[in-house]
file work-v3.csv (CSV, C-alpha atoms)
chain,number,residue,atom,x,y,z
N,15,MET,CA,19.1,18.0,-18.7
N,16,GLU,CA,15.8,18.4,-16.7
N,17,THR,CA,16.4,19.2,-13.1
N,18,LEU,CA,14.4,17.5,-10.4
N,19,LYS,CA,11.5,19.3,-8.7
N,20,ASP,CA,12.1,19.9,-5.0
N,21,PHE,CA,8.5,19.2,-4.0
N,22,ASP,CA,5.6,17.3,-5.4
N,23,PRO,CA,2.5,17.4,-3.2
N,24,SER,CA,0.6,14.7,-5.2
N,25,MET,CA,1.6,11.9,-2.7
N,26,LEU,CA,0.1,13.9,0.2
N,27,ASP,CA,-3.0,14.8,-1.9
N,28,GLU,CA,-3.7,11.1,-2.2
N,29,LEU,CA,-3.9,10.9,1.6
N,30,LYS,CA,-6.4,13.7,2.1
N,31,GLU,CA,-9.3,11.3,2.7
N,32,TYR,CA,-7.5,9.5,5.5
N,33,LYS,CA,-7.7,10.3,9.2
N,34,ASP,CA,-5.2,9.9,12.0
N,35,GLU,CA,-5.9,8.2,15.3
N,36,HIS,CA,-7.7,11.3,16.6
N,37,ASN,CA,-9.9,11.4,13.5
N,38,ARG,CA,-8.1,14.5,12.1
N,39,ASP,CA,-6.8,15.0,8.6
N,40,LEU,CA,-3.9,12.5,8.5
N,41,ARG,CA,-1.6,14.9,6.6
N,42,PHE,CA,-1.2,17.3,9.5
N,43,SER,CA,0.0,14.8,12.1
N,44,LEU,CA,2.0,13.0,9.4
N,45,VAL,CA,4.0,16.1,8.5
N,46,GLU,CA,4.7,16.6,12.2
N,47,THR,CA,5.8,13.0,12.7
N,48,TYR,CA,8.0,13.2,9.5
N,49,ILE,CA,9.7,16.4,10.6
N,50,THR,CA,10.5,15.2,14.1
N,51,GLU,CA,11.7,11.7,12.9
N,52,THR,CA,13.8,13.1,10.0
N,53,GLY,CA,15.5,15.7,12.2
N,54,ARG,CA,16.4,12.9,14.6
N,55,LEU,CA,17.6,10.5,11.8
N,56,ILE,CA,19.7,13.2,10.1
N,57,ASP,CA,21.5,13.7,13.5
N,58,ALA,CA,22.0,9.9,13.6
N,59,LEU,CA,23.3,10.0,10.0
N,60,LYS,CA,26.0,12.5,11.1
N,61,ILE,CA,27.4,10.1,13.7
N,62,ALA,CA,26.8,6.8,11.9
N,63,SER,CA,29.9,4.8,12.6
N,64,THR,CA,29.6,2.2,9.8
N,65,ASP,CA,28.7,2.3,6.1
N,66,LYS,CA,25.9,-0.2,6.9
N,67,THR,CA,24.2,2.0,9.5
N,68,PHE,CA,24.6,5.0,7.1
N,69,SER,CA,22.9,3.1,4.3
N,70,GLU,CA,20.1,1.8,6.6
N,71,ILE,CA,19.3,5.3,7.9
N,72,SER,CA,19.4,6.7,4.3
N,73,HIS,CA,17.0,3.9,3.2
N,74,SER,CA,14.5,4.7,5.9
N,75,LEU,CA,14.6,8.4,5.1
N,76,LYS,CA,14.4,7.8,1.3
N,77,SER,CA,10.9,6.3,1.5
N,78,SER,CA,9.4,8.5,4.1
N,79,THR,CA,10.7,11.6,2.3
N,80,ALA,CA,9.3,10.4,-1.0
N,81,SER,CA,5.9,9.9,0.6
N,82,MET,CA,6.1,13.6,1.8
N,83,GLY,CA,6.8,14.7,-1.8
N,84,GLY,CA,10.4,15.6,-1.2
N,85,ILE,CA,11.7,14.3,-4.6
N,86,LYS,CA,15.1,15.9,-4.7
N,87,LEU,CA,15.9,15.0,-1.0
N,88,SER,CA,14.6,11.5,-1.5
N,89,ASN,CA,16.8,11.0,-4.5
N,90,LEU,CA,19.8,12.2,-2.5
N,91,PHE,CA,19.0,9.6,0.2
N,92,ALA,CA,18.8,6.9,-2.5
N,93,THR,CA,22.3,7.9,-3.6
N,94,LEU,CA,23.5,7.8,0.0
N,95,GLU,CA,21.9,4.4,0.6
N,96,HIS,CA,23.7,2.7,-2.3
N,97,GLY,CA,27.0,4.5,-2.4
N,98,THR,CA,30.3,4.4,-0.5
N,99,PHE,CA,31.7,7.7,0.6
N,100,SER,CA,34.7,9.2,2.3
N,101,GLN,CA,34.2,11.2,5.5
N,102,PHE,CA,34.7,14.4,3.5
N,103,GLU,CA,32.0,13.4,0.9
N,104,LYS,CA,29.7,12.3,3.7
N,105,ALA,CA,30.0,15.7,5.4
N,106,LYS,CA,29.3,17.5,2.1
N,107,HIS,CA,26.2,15.3,1.4
N,108,ILE,CA,24.9,15.9,4.9
N,109,LYS,CA,25.2,19.6,4.4
N,110,GLU,CA,23.1,19.3,1.2
N,111,VAL,CA,20.6,17.0,3.1
N,112,GLU,CA,20.2,19.7,5.8
N,113,GLN,CA,19.5,22.4,3.2
N,114,LEU,CA,17.0,20.3,1.2
N,115,PHE,CA,15.3,19.3,4.5
N,116,LEU,CA,14.9,22.9,5.4
N,117,ASN,CA,13.4,23.7,2.0
N,118,LEU,CA,11.0,20.7,2.3
N,119,GLN,CA,9.8,21.9,5.7
N,120,LYS,CA,9.0,25.3,4.2
N,121,ASN,CA,7.1,23.7,1.3
N,122,LEU,CA,5.2,21.4,3.7
N,123,GLN,CA,4.2,24.3,5.9
N,124,ILE,CA,2.9,26.2,2.8
N,125,TYR,CA,1.1,23.1,1.6
N,126,LEU,CA,-0.6,22.6,5.0
N,127,LYS,CA,-1.8,26.2,5.0
N,128,THR,CA,-3.5,25.7,1.7
N,129,ALA,CA,-4.9,22.3,2.8
N,130,ALA,CA,-6.4,23.8,6.0
E,26,MET,CA,-11.9,-7.3,9.3
E,27,ALA,CA,-8.4,-8.8,9.5
E,28,LYS,CA,-5.6,-8.8,12.1
E,29,ILE,CA,-2.4,-7.6,10.4
E,30,LEU,CA,1.1,-7.4,11.7
E,31,LEU,CA,3.1,-4.5,10.3
E,32,LEU,CA,6.9,-4.5,10.6
E,33,GLU,CA,8.4,-1.1,9.5
E,34,ASP,CA,11.1,1.0,11.1
E,35,SER,CA,10.0,4.4,9.8
E,36,GLU,CA,7.5,6.1,12.0
E,37,THR,CA,6.2,8.1,9.1
E,38,MET,CA,5.6,5.0,7.0
E,39,LEU,CA,4.0,3.2,10.0
E,40,LYS,CA,1.6,6.1,10.3
E,41,ILE,CA,0.6,6.1,6.7
E,42,ILE,CA,0.2,2.4,6.4
E,43,SER,CA,-1.6,1.9,9.7
E,44,SER,CA,-4.0,4.8,8.8
E,45,VAL,CA,-4.9,3.2,5.5
E,46,LEU,CA,-5.4,-0.2,7.0
E,47,ASN,CA,-7.4,1.2,10.0
E,48,SER,CA,-9.7,3.1,7.5
E,49,LYS,CA,-10.6,-0.3,6.0
E,50,GLY,CA,-11.4,-1.7,9.5
E,51,HIS,CA,-8.3,-3.8,9.9
E,52,GLN,CA,-6.7,-4.3,13.3
E,53,VAL,CA,-3.0,-3.5,13.0
E,54,THR,CA,-0.2,-4.4,15.3
E,55,LEU,CA,2.8,-2.0,14.8
E,56,CYS,CA,6.3,-3.4,15.2
E,57,LYS,CA,9.5,-1.4,14.6
E,58,THR,CA,12.0,-4.3,15.0
E,59,PRO,CA,11.9,-8.0,13.9
E,60,ILE,CA,12.3,-9.1,17.6
E,61,ASP,CA,9.1,-7.2,18.5
E,62,ALA,CA,7.3,-8.7,15.5
E,63,LEU,CA,8.4,-12.3,16.3
E,64,GLU,CA,7.2,-11.8,20.0
E,65,ASN,CA,3.8,-10.6,18.7
E,66,LEU,CA,3.6,-13.5,16.3
E,67,GLN,CA,4.1,-15.9,19.2
E,68,ARG,CA,1.4,-14.3,21.2
E,69,GLU,CA,-1.3,-13.9,18.6
E,70,LYS,CA,-2.6,-15.2,15.2
E,71,TYR,CA,-2.4,-12.8,12.3
E,72,GLU,CA,-4.1,-13.1,8.9
E,73,LEU,CA,-1.4,-11.0,7.1
E,74,ILE,CA,2.2,-9.9,7.7
E,75,ILE,CA,3.5,-6.8,6.1
E,76,SER,CA,7.2,-6.2,6.3
E,77,ASP,CA,9.8,-3.8,5.0
E,78,LEU,CA,12.8,-5.5,3.3
E,79,VAL,CA,15.5,-3.3,4.8
E,80,LEU,CA,15.3,-3.3,8.6
E,81,PRO,CA,17.5,-1.8,11.3
E,82,GLY,CA,19.9,-3.5,13.5
E,83,GLY,CA,21.6,-5.7,10.9
E,84,THR,CA,18.6,-7.9,10.2
E,85,SER,CA,17.1,-8.0,6.7
E,86,GLY,CA,13.5,-8.6,5.7
E,87,PHE,CA,14.7,-11.8,4.1
E,88,ASP,CA,15.9,-13.2,7.4
E,89,PHE,CA,12.7,-12.2,9.1
E,90,ILE,CA,10.6,-13.9,6.4
E,91,LYS,CA,12.8,-17.0,6.6
E,92,THR,CA,12.4,-17.2,10.4
E,93,VAL,CA,8.6,-16.8,10.1
E,94,ARG,CA,8.3,-19.5,7.4
E,95,ASN,CA,10.3,-21.9,9.5
E,96,LYS,CA,7.7,-21.9,12.2
E,97,PRO,CA,4.9,-24.3,11.4
E,98,THR,CA,2.3,-22.0,13.0
E,99,PHE,CA,3.0,-19.2,10.5
E,100,ALA,CA,3.9,-21.3,7.5
E,101,HIS,CA,0.7,-20.3,5.6
E,102,THR,CA,0.3,-16.7,6.7
E,103,PRO,CA,0.6,-14.5,3.7
E,104,ILE,CA,3.5,-12.1,3.7
E,105,MET,CA,3.6,-8.8,1.8
E,106,VAL,CA,6.9,-7.1,1.3
E,107,ILE,CA,7.1,-3.3,1.1
E,108,THR,CA,10.2,-1.9,-0.4
E,109,GLY,CA,11.9,1.0,-2.0
E,110,GLN,CA,12.0,2.0,-5.7
E,111,ARG,CA,15.4,0.5,-6.4
E,112,MET,CA,14.5,-3.0,-5.6
E,113,GLU,CA,16.2,-5.3,-8.1
E,114,LYS,CA,15.0,-8.5,-9.8
E,115,LYS,CA,17.3,-10.6,-7.7
E,116,ASP,CA,15.8,-9.2,-4.5
E,117,VAL,CA,12.3,-10.1,-5.8
E,118,GLU,CA,13.5,-13.7,-6.6
E,119,LYS,CA,15.2,-14.0,-3.2
E,120,ALA,CA,12.1,-12.7,-1.4
E,121,ILE,CA,9.9,-15.3,-3.2
E,122,GLN,CA,12.4,-18.0,-2.5
E,123,VAL,CA,12.3,-17.3,1.3
E,124,GLY,CA,8.5,-17.2,1.3
E,125,ALA,CA,7.1,-13.7,0.4
E,126,ASN,CA,3.7,-13.7,-1.4
E,127,GLY,CA,3.3,-10.1,-2.6
E,128,PHE,CA,5.1,-6.8,-3.1
E,129,ILE,CA,4.4,-3.2,-3.1
E,130,VAL,CA,6.9,-0.5,-3.9
E,131,LYS,CA,7.2,2.7,-1.7
E,132,PRO,CA,5.9,5.4,-2.1
E,133,PHE,CA,2.6,3.9,-3.1
E,134,ASN,CA,-1.0,5.1,-3.8
E,135,PRO,CA,-2.9,4.3,-0.6
E,136,ASP,CA,-6.0,3.1,-2.4
E,137,ILE,CA,-4.0,0.7,-4.5
E,138,PHE,CA,-2.2,-0.5,-1.4
E,139,ALA,CA,-5.6,-1.2,0.3
E,140,GLU,CA,-6.8,-3.1,-2.7
E,141,LYS,CA,-3.6,-5.3,-2.7
E,142,VAL,CA,-4.1,-6.0,1.0
E,143,ALA,CA,-7.7,-7.0,0.3
E,144,ALA,CA,-6.6,-9.3,-2.5
E,145,MET,CA,-3.9,-11.0,-0.4
E,146,LEU,CA,-6.4,-11.6,2.4
E,147,THR,CA,-8.7,-13.5,0.1
E,148,THR,CA,-5.8,-15.6,-1.2
E,149,SER,CA,-5.6,-19.0,0.4
E,150,LEU,CA,-2.1,-20.2,0.9
E,151,LYS,CA,-3.1,-23.7,2.0
E,152,SER,CA,-2.8,-25.4,-1.4
E,153,ALA,CA,0.3,-23.7,-2.8
E,154,LYS,CA,2.5,-20.7,-2.5
E,155,THR,CA,1.3,-17.8,-4.6
E,156,VAL,CA,3.2,-14.7,-5.7
E,157,ASP,CA,1.8,-11.3,-6.4
E,158,TYR,CA,4.0,-10.0,-9.3
E,159,SER,CA,3.0,-6.4,-8.8
E,160,ILE,CA,6.5,-5.2,-9.2
E,161,LEU,CA,6.6,-6.8,-12.7
E,162,ASN,CA,3.2,-5.2,-13.4
E,163,ALA,CA,1.7,-8.5,-14.7
E,164,VAL,CA,-2.0,-8.4,-15.1
E,165,GLY,CA,-4.3,-11.4,-15.8
E,166,LEU,CA,-7.7,-11.1,-17.4
E,167,TRP,CA,-10.5,-13.6,-17.8
E,168,GLU,CA,-12.8,-12.6,-20.6
E,169,ALA,CA,-16.5,-13.5,-20.6
E,170,ASP,CA,-19.5,-12.0,-22.3
E,171,LEU,CA,-22.1,-10.6,-19.8
E,172,LYS,CA,-24.7,-7.9,-19.6
E,173,ILE,CA,-25.4,-5.6,-16.7
E,174,VAL,CA,-29.2,-5.4,-16.5
E,175,LYS,CA,-29.7,-3.5,-13.3
E,176,LEU,CA,-27.5,-1.2,-11.1
E,177,THR,CA,-28.4,-0.3,-7.5
E,178,GLU,CA,-26.5,1.4,-4.7
E,179,GLN,CA,-25.7,-2.0,-3.3
E,180,GLY,CA,-24.7,-3.9,-6.4
E,181,MET,CA,-25.9,-5.2,-9.8
E,182,GLU,CA,-27.9,-7.8,-11.6
E,183,ILE,CA,-26.0,-9.5,-14.4
E,184,LYS,CA,-26.8,-12.0,-17.2
E,185,SER,CA,-23.8,-14.2,-17.9
E,186,GLN,CA,-23.0,-17.2,-20.2
E,187,LEU,CA,-20.8,-18.6,-17.4
E,188,LEU,CA,-21.6,-19.9,-14.0
E,189,VAL,CA,-19.7,-18.1,-11.3
E,190,PRO,CA,-19.7,-19.7,-7.8
E,191,VAL,CA,-21.4,-17.9,-5.0
E,192,ASP,CA,-19.0,-15.8,-2.7
E,193,THR,CA,-16.4,-15.5,-5.5
E,194,LYS,CA,-14.9,-12.0,-5.8
E,195,ILE,CA,-14.7,-10.5,-9.3
E,196,LYS,CA,-14.1,-7.3,-11.2
E,197,ILE,CA,-16.0,-6.4,-14.3
E,198,GLN,CA,-14.7,-4.0,-17.0
E,199,SER,CA,-17.6,-2.0,-18.3
E,200,ALA,CA,-18.1,1.4,-20.0
E,201,CYS,CA,-20.7,1.9,-17.3
E,202,PHE,CA,-18.0,2.6,-14.6
E,203,LYS,CA,-16.2,5.0,-16.9
E,204,GLU,CA,-19.5,6.9,-17.4
E,205,ILE,CA,-19.9,7.0,-13.6
E,206,GLY,CA,-16.3,8.1,-13.2
E,207,ILE,CA,-15.0,5.3,-10.9
E,208,GLU,CA,-12.6,2.4,-11.2
E,209,ALA,CA,-14.2,-1.0,-11.6
E,210,PRO,CA,-15.1,-2.0,-8.0
E,211,TRP,CA,-14.7,-5.4,-6.4
E,212,LEU,CA,-18.0,-7.4,-6.6
E,213,LYS,CA,-19.1,-10.4,-4.6
E,214,ILE,CA,-21.4,-13.0,-6.1
E,215,LEU,CA,-24.5,-13.4,-3.9
E,216,ALA,CA,-26.5,-15.6,-6.2
E,217,CYS,CA,-26.1,-17.4,-9.5
E,218,LYS,CA,-29.0,-19.3,-11.0
E,219,ARG,CA,-30.0,-20.6,-14.5
E,220,SER,CA,-32.0,-18.0,-16.5
E,221,ALA,CA,-35.6,-19.0,-16.9
E,222,GLY,CA,-36.3,-19.9,-20.5
E,223,THR,CA,-33.0,-18.8,-21.9
E,224,GLU,CA,-29.4,-20.0,-21.9
E,225,GLY,CA,-27.0,-18.6,-19.3
E,226,TYR,CA,-27.2,-17.4,-15.7
E,227,ASP,CA,-28.8,-14.6,-13.7
E,228,ILE,CA,-26.2,-13.3,-11.3
E,229,THR,CA,-26.7,-11.0,-8.3
E,230,VAL,CA,-23.6,-9.2,-7.1
E,231,LYS,CA,-22.9,-6.7,-4.3
E,232,PHE,CA,-20.2,-4.1,-4.2
E,233,VAL,CA,-17.4,-4.8,-1.7
E,234,GLU,CA,-14.8,-2.5,-0.2
E,235,VAL,CA,-16.4,0.5,-2.0
E,236,THR,CA,-15.5,3.7,-0.3
E,237,GLU,CA,-17.8,6.6,0.3
E,238,LYS,CA,-15.8,8.5,-2.4
E,239,GLU,CA,-16.8,5.8,-5.0
E,240,LEU,CA,-20.3,5.3,-3.7
E,241,ASN,CA,-21.3,9.0,-4.1
E,242,PRO,CA,-20.8,9.0,-7.9
E,243,ILE,CA,-22.8,5.8,-8.2
E,244,LYS,CA,-25.7,7.3,-6.2
E,245,ALA,CA,-25.6,10.5,-8.3
E,246,TRP,CA,-25.5,8.5,-11.6
E,247,ILE,CA,-28.5,6.4,-10.5
E,248,LYS,CA,-30.4,9.5,-9.5
E,249,ASN,CA,-29.7,11.2,-12.8
E,250,SER,CA,-30.7,8.1,-14.8
E,251,VAL,CA,-34.0,7.9,-12.9
E,252,LYS,CA,-34.6,11.6,-13.6
E,253,LYS,CA,-33.9,11.1,-17.3
E,254,ALA,CA,-36.2,8.0,-17.5
E,255,SER,CA,-39.2,9.7,-15.8

call {"tool": "encode", "arguments": {"input": "work-v3.csv", "output": "structure tokens"}}
result
Amino acid sequence: METLKDFDPSMLDELKEYKDEHNRDLRFSLVETYITETGRLIDALKIASTDKTFSEISHSLKSSTASMGGIKLSNLFATLEHGTFSQFEKAKHIKEVEQLFLNLQKNLQIYLKTAA
Amino acid sequence: MAKILLLEDSETMLKIISSVLNSKGHQVTLCKTPIDALENLQREKYELIISDLVLPGGTSGFDFIKTVRNKPTFAHTPIMVITGQRMEKKDVEKAIQVGANGFIVKPFNPDIFAEKVAAMLTTSLKSAKTVDYSILNAVGLWEADLKIVKLTEQGMEIKSQLLVPVDTKIKIQSACFKEIGIEAPWLKILACKRSAGTEGYDITVKFVEVTEKELNPIKAWIKNSVKKAS
């Protein structure tokens, strides 16, 4: 079975012509926004008191992560959005989320260095 | 261009979508909650509403669309739904039922998204509800024989067997665009008159919503063609 790639920069490549509100390459401020927002939402995921909140946060993270090229992490968020998990399973998945998010941050930093 | 209300809870997605829309000259109001969106709708008139289908705080995009459609002031404002990849057919049907007019699935190509927004803005909702079946990938084509007789940086001169009303927006499939290396651009009919002495019509069209990225290959192609001819 083919394993999923961790990172696919093609979605970010498609944004290279676009500028942010300060007329700078959108990708730089976008990665910054994504990393800050995702860190905050992963913390919220850890303390989500209901399955509905857990699913809503996962949904939000799924799309933004896919737009950053984080294929594997986005797929994990899709699984979390649609599934029902015990507290033990949730904790296990969140640990995996944190590891994949760390990898994605590294990939994004490397990507931005080459884009600069 | 147009005033657009955007309802999306993800800051990352808000940034992507608003940057794409701003680059096309649209004025975008960003809302992170349905309450914020409804307050803005009461204050100002918008030409397009773009909303996520899954929203925070226990409200769904369906509820938001239903609320908007129940208010006579917004009854005809087009609504585009942006949603995740696992959207099911029943969700599409439900969104149509409550009043959505178009869809786009995240993550999306920014240029395709901008084209869809442009297409929705030109759609009049006054006569009937229309639905953009992008998620089903349905494409409609109207075939007509025509000849491109002149290409400029602004547009083209065309000979057609069909009369096309002035101000209509069309796309033409032609090997010419493949040769230039661009997708068929949107064209606006500036003039359409009977050809002198022959059957058919002489049509003048101009490029619309053509980006600098698309215009450069057109300019280069014209320059090369002029060189070859001289």

call {"tool": "interface_residues", "arguments": {"input": "work-v3.csv", "of": "chain N", "to": "chain E", "cutoff": "6 Å", "atoms": "only C-alpha atoms", "output": "MDAnalysis selection string"}}
result
chainID N and resid 48 74 78 81

call {"tool": "atom_distance", "arguments": {"input": "work-v3.csv", "atom1": "CA of Gln113 (chain N)", "atom2": "CA of Leu55 (chain N)"}}
result
14.8 Å

call {"tool": "residues_around", "arguments": {"input": "work-v3.csv", "residues": "Thr177 (chain E)", "least_positions_apart": "2", "cutoff": "9 Å", "atoms": "only C-alpha atoms", "output": "ChimeraX atom specification"}}
result
/E:175,179-182,243-244,247

call {"tool": "closest_residue", "arguments": {"input": "work-v3.csv", "among": "N:Ser43, N:Ser88, N:Ser72, N:Thr128", "to": "Asp57 (chain N)", "atoms": "only C-alpha atoms"}}
result
N:Ser72

call {"tool": "atom_distance", "arguments": {"input": "work-v3.csv", "atom1": "CA of Leu26 (chain N)", "atom2": "CA of Pro242 (chain E)"}}
result
22.9 Å

call {"tool": "closest_residue", "arguments": {"input": "work-v3.csv", "among": "E:Val189, E:Ala139, E:Ala144, E:Leu78", "to": "Ala120 (chain E)", "atoms": "all atoms listed in the file"}}
result
E:Leu78

call {"tool": "residues_near_point", "arguments": {"input": "work-v3.csv", "point": "(22.8, 2.2, -1.9)", "cutoff": "9 Å", "atoms": "all atoms listed in the file", "output": "list in words"}}
result
Ser69, Glu70, Ser72, His73, Phe91, Ala92, Thr93, Leu94, Glu95, His96, Gly97 and Thr98 of chain N; Arg111 of chain E

call {"tool": "closest_residue", "arguments": {"input": "work-v3.csv", "among": "E:Glu72, E:Glu178, E:Asp116, E:Asp88", "to": "His101 (chain E)", "atoms": "only C-alpha atoms"}}
result
E:Glu72

call {"tool": "decode", "arguments": {"input": "work-v3.csv", "residues": "region 49-114 of chain N", "atoms": "C-alpha atoms", "output": "compact mmCIF listing (two decimals), in the first residue's frame"}}
result
# COMPACT_ATOMS: atom_id res chain seq x y z
CA ILE N 49 1.45 28.02 12.65
CA THR N 50 0.06 30.40 15.31
CA GLU N 51 -3.56 29.40 14.66
CA THR N 52 -2.85 25.67 14.52
CA GLY N 53 -0.83 25.70 17.75
CA ARG N 54 -3.75 27.41 19.47
CA LEU N 55 -6.34 25.03 17.98
CA ILE N 56 -4.34 21.90 18.90
CA ASP N 57 -4.39 23.17 22.51
CA ALA N 58 -8.16 23.62 22.17
CA LEU N 59 -8.43 20.10 20.75
CA LYS N 60 -6.77 18.71 23.89
CA ILE N 61 -9.40 20.26 26.16
CA ALA N 62 -12.45 19.88 23.86
CA SER N 63 -15.21 18.83 26.22
CA THR N 64 -17.66 17.44 23.63
CA ASP N 65 -17.33 15.26 20.51
CA LYS N 66 -18.99 18.08 18.53
CA THR N 67 -16.35 20.64 19.52
CA PHE N 68 -13.62 18.08 18.84
CA SER N 69 -15.09 17.49 15.35
CA GLU N 70 -15.51 21.24 14.59
CA ILE N 71 -11.91 22.05 15.52
CA SER N 72 -10.66 19.08 13.48
CA HIS N 73 -12.71 20.29 10.50
CA SER N 74 -11.18 23.75 10.65
CA LEU N 75 -7.66 22.33 10.94
CA LYS N 76 -8.23 19.82 8.12
CA SER N 77 -8.78 22.46 5.42
CA SER N 78 -6.14 24.95 6.53
CA THR N 79 -3.55 22.15 6.87
CA ALA N 80 -4.40 20.83 3.39
CA SER N 81 -3.89 24.34 2.00
CA MET N 82 -0.42 24.39 3.55
CA GLY N 83 0.42 21.06 1.89
CA GLY N 84 0.31 18.96 5.07
CA ILE N 85 -1.30 15.94 3.46
CA LYS N 86 -0.75 13.36 6.19
CA LEU N 87 -1.75 15.75 8.99
CA SER N 88 -4.81 16.93 7.06
CA ASN N 89 -5.90 13.31 6.58
CA LEU N 90 -5.52 12.68 10.29
CA PHE N 91 -7.73 15.73 11.03
CA ALA N 92 -10.31 14.35 8.57
CA THR N 93 -10.34 11.08 10.53
CA LEU N 94 -10.73 12.98 13.81
CA GLU N 95 -13.54 15.12 12.36
CA HIS N 96 -15.68 12.16 11.38
CA GLY N 97 -14.88 9.56 14.05
CA THR N 98 -15.88 8.93 17.63
CA PHE N 99 -13.02 8.19 20.01
CA SER N 100 -12.43 7.19 23.60
CA GLN N 101 -10.34 9.53 25.78
CA PHE N 102 -7.40 7.14 25.41
CA GLU N 103 -7.70 7.13 21.59
CA LYS N 104 -8.02 10.92 21.53
CA ALA N 105 -4.83 11.32 23.55
CA LYS N 106 -3.00 8.93 21.20
CA HIS N 107 -4.20 10.82 18.11
CA ILE N 108 -3.29 14.21 19.59
CA LYS N 109 0.24 12.96 20.21
CA GLU N 110 0.42 11.97 16.53
CA VAL N 111 -1.04 15.38 15.55
CA GLU N 112 1.69 17.16 17.54
CA GLN N 113 4.46 15.12 15.89
CA LEU N 114 3.08 15.68 12.36
